[in-house]
Protein chains: 2
Amino acid sequence: MFEKVEAAYRRIKNYVNHTPTMTSSTLDQLLDCKCFFKCENFQKIGAFKFRGAMNTLLQLSQEERRKGVITHSSGNHAQALALAAKVLGVHAVIVMPENAPKVKMAATKGYGAQIVVCGSKPSDREEAVKPLIAKHGYTFVHPSDDLRIIHGAGTAAYELITDVGSLDYIFVPVGGGGLLSGTAIATKGLLPNCKVIAVEPANADDAYRTFKTGKLQPSINPQTIADGLRTQLGPNTFQIVMKLVDDIITVTEEQIVDAMQFLWERMKLVVEPSGAVSLAGVLSKKVSVAGKKVGIVISGGNVDLTSFFTTLRTKVAAVTPNSKTEKERE
Amino acid sequence: MFEKVEAAYRRIKNYVNHTPTMTSSTLDQLLDCKCFFKCENFQKIGAFKFRGAMNTLLQLSQEERRKGVITHSSGNHAQALALAAKVLGVHAVIVMPENAPKVKMAATKGYGAQIVVCGSKPSDREEAVKPLIAKHGYTFVHPSDDLRIIHGAGTAAYELITDVGSLDYIFVPVGGGGLLSGTAIATKGLLPNCKVIAVEPANADDAYRTFKTGKLQPSINPQTIADGLRTQLGPNTFQIVMKLVDDIITVTEEQIVDAMQFLWERMKLVVEPSGAVSLAGVLSKKVSVAGKKVGIVISGGNVDLTSFFTTLRTKVAAVTPNSKTEKERE
């Protein structure tokens, strides 16, 4: 499996950002360890998802490329597939629920994809996709449970380890399990003794329950701020996770926000809640990392900042007239 | 002068972060140029100020170090001096107005400095500092108009140019002029043909007026969101700016917020308003940068995010009970 990640890296490396590794001396002092953050918030479209989308589309046949691709997503996968398709001149259709945030619809449309709006029930998405595939022959690209997506996602950890060398632990968020599976394959291939720790919101702990019981558990109405981690493992990711992952730990919603705040305030990184879950796992101290070298995968940074900047603009508008008055006084 | 920046770089390089250079293909396409962001928001204490503070303290005599240092500041210079003093085991006293944000007081205290609270009138600061110097023999460290501060600040542009090579333009914010002066010295020393463009809020345009009239103009009640740029040039920075800077342009408050929003949303960088002013200058198109290589100095990333995270915690608290109910239902 590892050679598939290496092949994915060679295939996509001229299309993706080689994202930087960041460190924090404050955090290292706090935990008495050495942490290396793989910053996929700096990846194109703001999340690791672009790696898998690119790796998948580059393996389509000419015929498949000509017909186009389709997926259903209201998150980062939608934008990733839209941009990858644009780069390769492939038609992309994204099915989005009618209640998807307008900014995400706009961003996906901005990458040139065709948006098809469906109902807000989970089953509505599948029902919207099927007739479109039947009619147009689109290739469906699953957001996580596809080996091409998994191998592409694994190139983030591949780059991290290539850049920083040996690690004792790597912490990674788990939702659908694509990033986790890819990370585990890349890590065990390069560093067989490095422990792969998945971190999941306690409020969306289906992967945790799956790992502990050995049976694929569904995600039932997950209520977590980490919107990218509400999905569940699929047949492929389930197999890989059970085989290669060392442990899955859970974190509370408060721990997720704490980690996010540390990343923003102390490290100056805009990270989305799902992306901060890996650090939340490290900070939870459920795993002893003292004296160790620790990799932390930051999966993405797509946060809706509309209300933050609206507030700021209101403040600025309140200040400007004062300033004019001052100038008139001069 | 340039050799003083080189000497500063050798002096401080083991104490400061060699901050990364970031790029944005979106921005490059938008402006048809190649932009390189020097990210001093990733510097220790979250701003370039640590460079000058370190360069100054490392040049104190043993006697001066023993007696300690003092400054008045409610901003990044306070934290920079506090941390530099802590690193070298020097006592630091920071005079802060009683209306300074509590988070900034706490951060400065967190670095081990002694805080002396004074009144909120500008003259109160000087009046608080003088008797303390008379009594304890502290060395006063000015936030910008000190050659050691200036040469230290110049090491950011020195690193940038060393990392990316030739540039046609470098855009830098101007407040007290320490960063601008240091940047101009470093840039003209390494790249005599590179144009140094200072950017200033139109609502605090004293440096602009100074540059255009050739006479040092005061900053009168500046009303700008860019709180780090409300100060004015001093005797040293005035001389350097008049001699080495190619132009000063101004930007509106709205342009500052637009630039900040681009940095946060598109580049995932937490940048403070003052730090976004340089990009606002580039985006203003007052200088034609098409086809050029452009350096952009991001001076810092210290923004008070308390209310943002308070809102987020309220949202999270509202979600958690729902989730528990769901679990009970299982």
# chains A, B, ... in the order shown; residues from 1 in each chain; ligands from 1
>>> residues_around(residues="Ala78 of chain B", least_positions_apart="6", cutoff="8 Å", atoms="only C-alpha atoms", output="list in words")
Thr71, His72, Ile94 and Thr108 of chain B
>>> write_last_selection(atoms="N, CA, C and O atoms", output="PDB file, in the first residue's frame")
ATOM      1  N   THR B  71      10.413  50.913  29.330  1.00  0.00           N
ATOM      2  CA  THR B  71       9.795  51.556  28.177  1.00  0.00           C
ATOM      3  C   THR B  71       8.336  51.852  28.519  1.00  0.00           C
ATOM      4  O   THR B  71       7.816  51.378  29.533  1.00  0.00           O
ATOM      5  N   HIS B  72       7.704  52.658  27.692  1.00  0.00           N
ATOM      6  CA  HIS B  72       6.257  52.821  27.810  1.00  0.00           C
ATOM      7  C   HIS B  72       5.636  52.368  26.495  1.00  0.00           C
ATOM      8  O   HIS B  72       6.063  52.760  25.418  1.00  0.00           O
ATOM      9  N   ILE B  94       7.637  48.004  32.340  1.00  0.00           N
ATOM     10  CA  ILE B  94       6.821  48.517  31.238  1.00  0.00           C
ATOM     11  C   ILE B  94       5.755  49.439  31.816  1.00  0.00           C
ATOM     12  O   ILE B  94       4.924  49.008  32.622  1.00  0.00           O
ATOM     13  N   THR B 108       2.121  40.814  28.808  1.00  0.00           N
ATOM     14  CA  THR B 108       3.407  41.428  29.150  1.00  0.00           C
ATOM     15  C   THR B 108       3.878  40.937  30.516  1.00  0.00           C
ATOM     16  O   THR B 108       5.049  40.603  30.701  1.00  0.00           O
TER      17      THR B 108
END
>>> interface_residues(of="chain A", to="chain B", cutoff="6 Å", atoms="only C-alpha atoms", output="PyMOL selection string")
chain A and resi 223+268-270+323
>>> write_last_selection(atoms="C-alpha atoms", output="PDB file, in the first residue's frame")
ATOM      1  CA  GLN A 223     -23.463  17.303  17.228  1.00  0.00           C
ATOM      2  CA  LYS A 268      -1.340  32.846  14.206  1.00  0.00           C
ATOM      3  CA  LEU A 269      -2.854  30.048  12.141  1.00  0.00           C
ATOM      4  CA  VAL A 270      -6.433  30.140  10.887  1.00  0.00           C
ATOM      5  CA  SER A 323     -11.389  60.917  11.957  1.00  0.00           C
TER       6      SER A 323
END
>>> select_by_dssp(residues="segment 16-162 of chain A", states="alpha helix (DSSP H)", output="number ranges by chain")
A: 25-31, 49-57, 62-67, 76-88, 102-110, 122-136, 147-153, 155-162
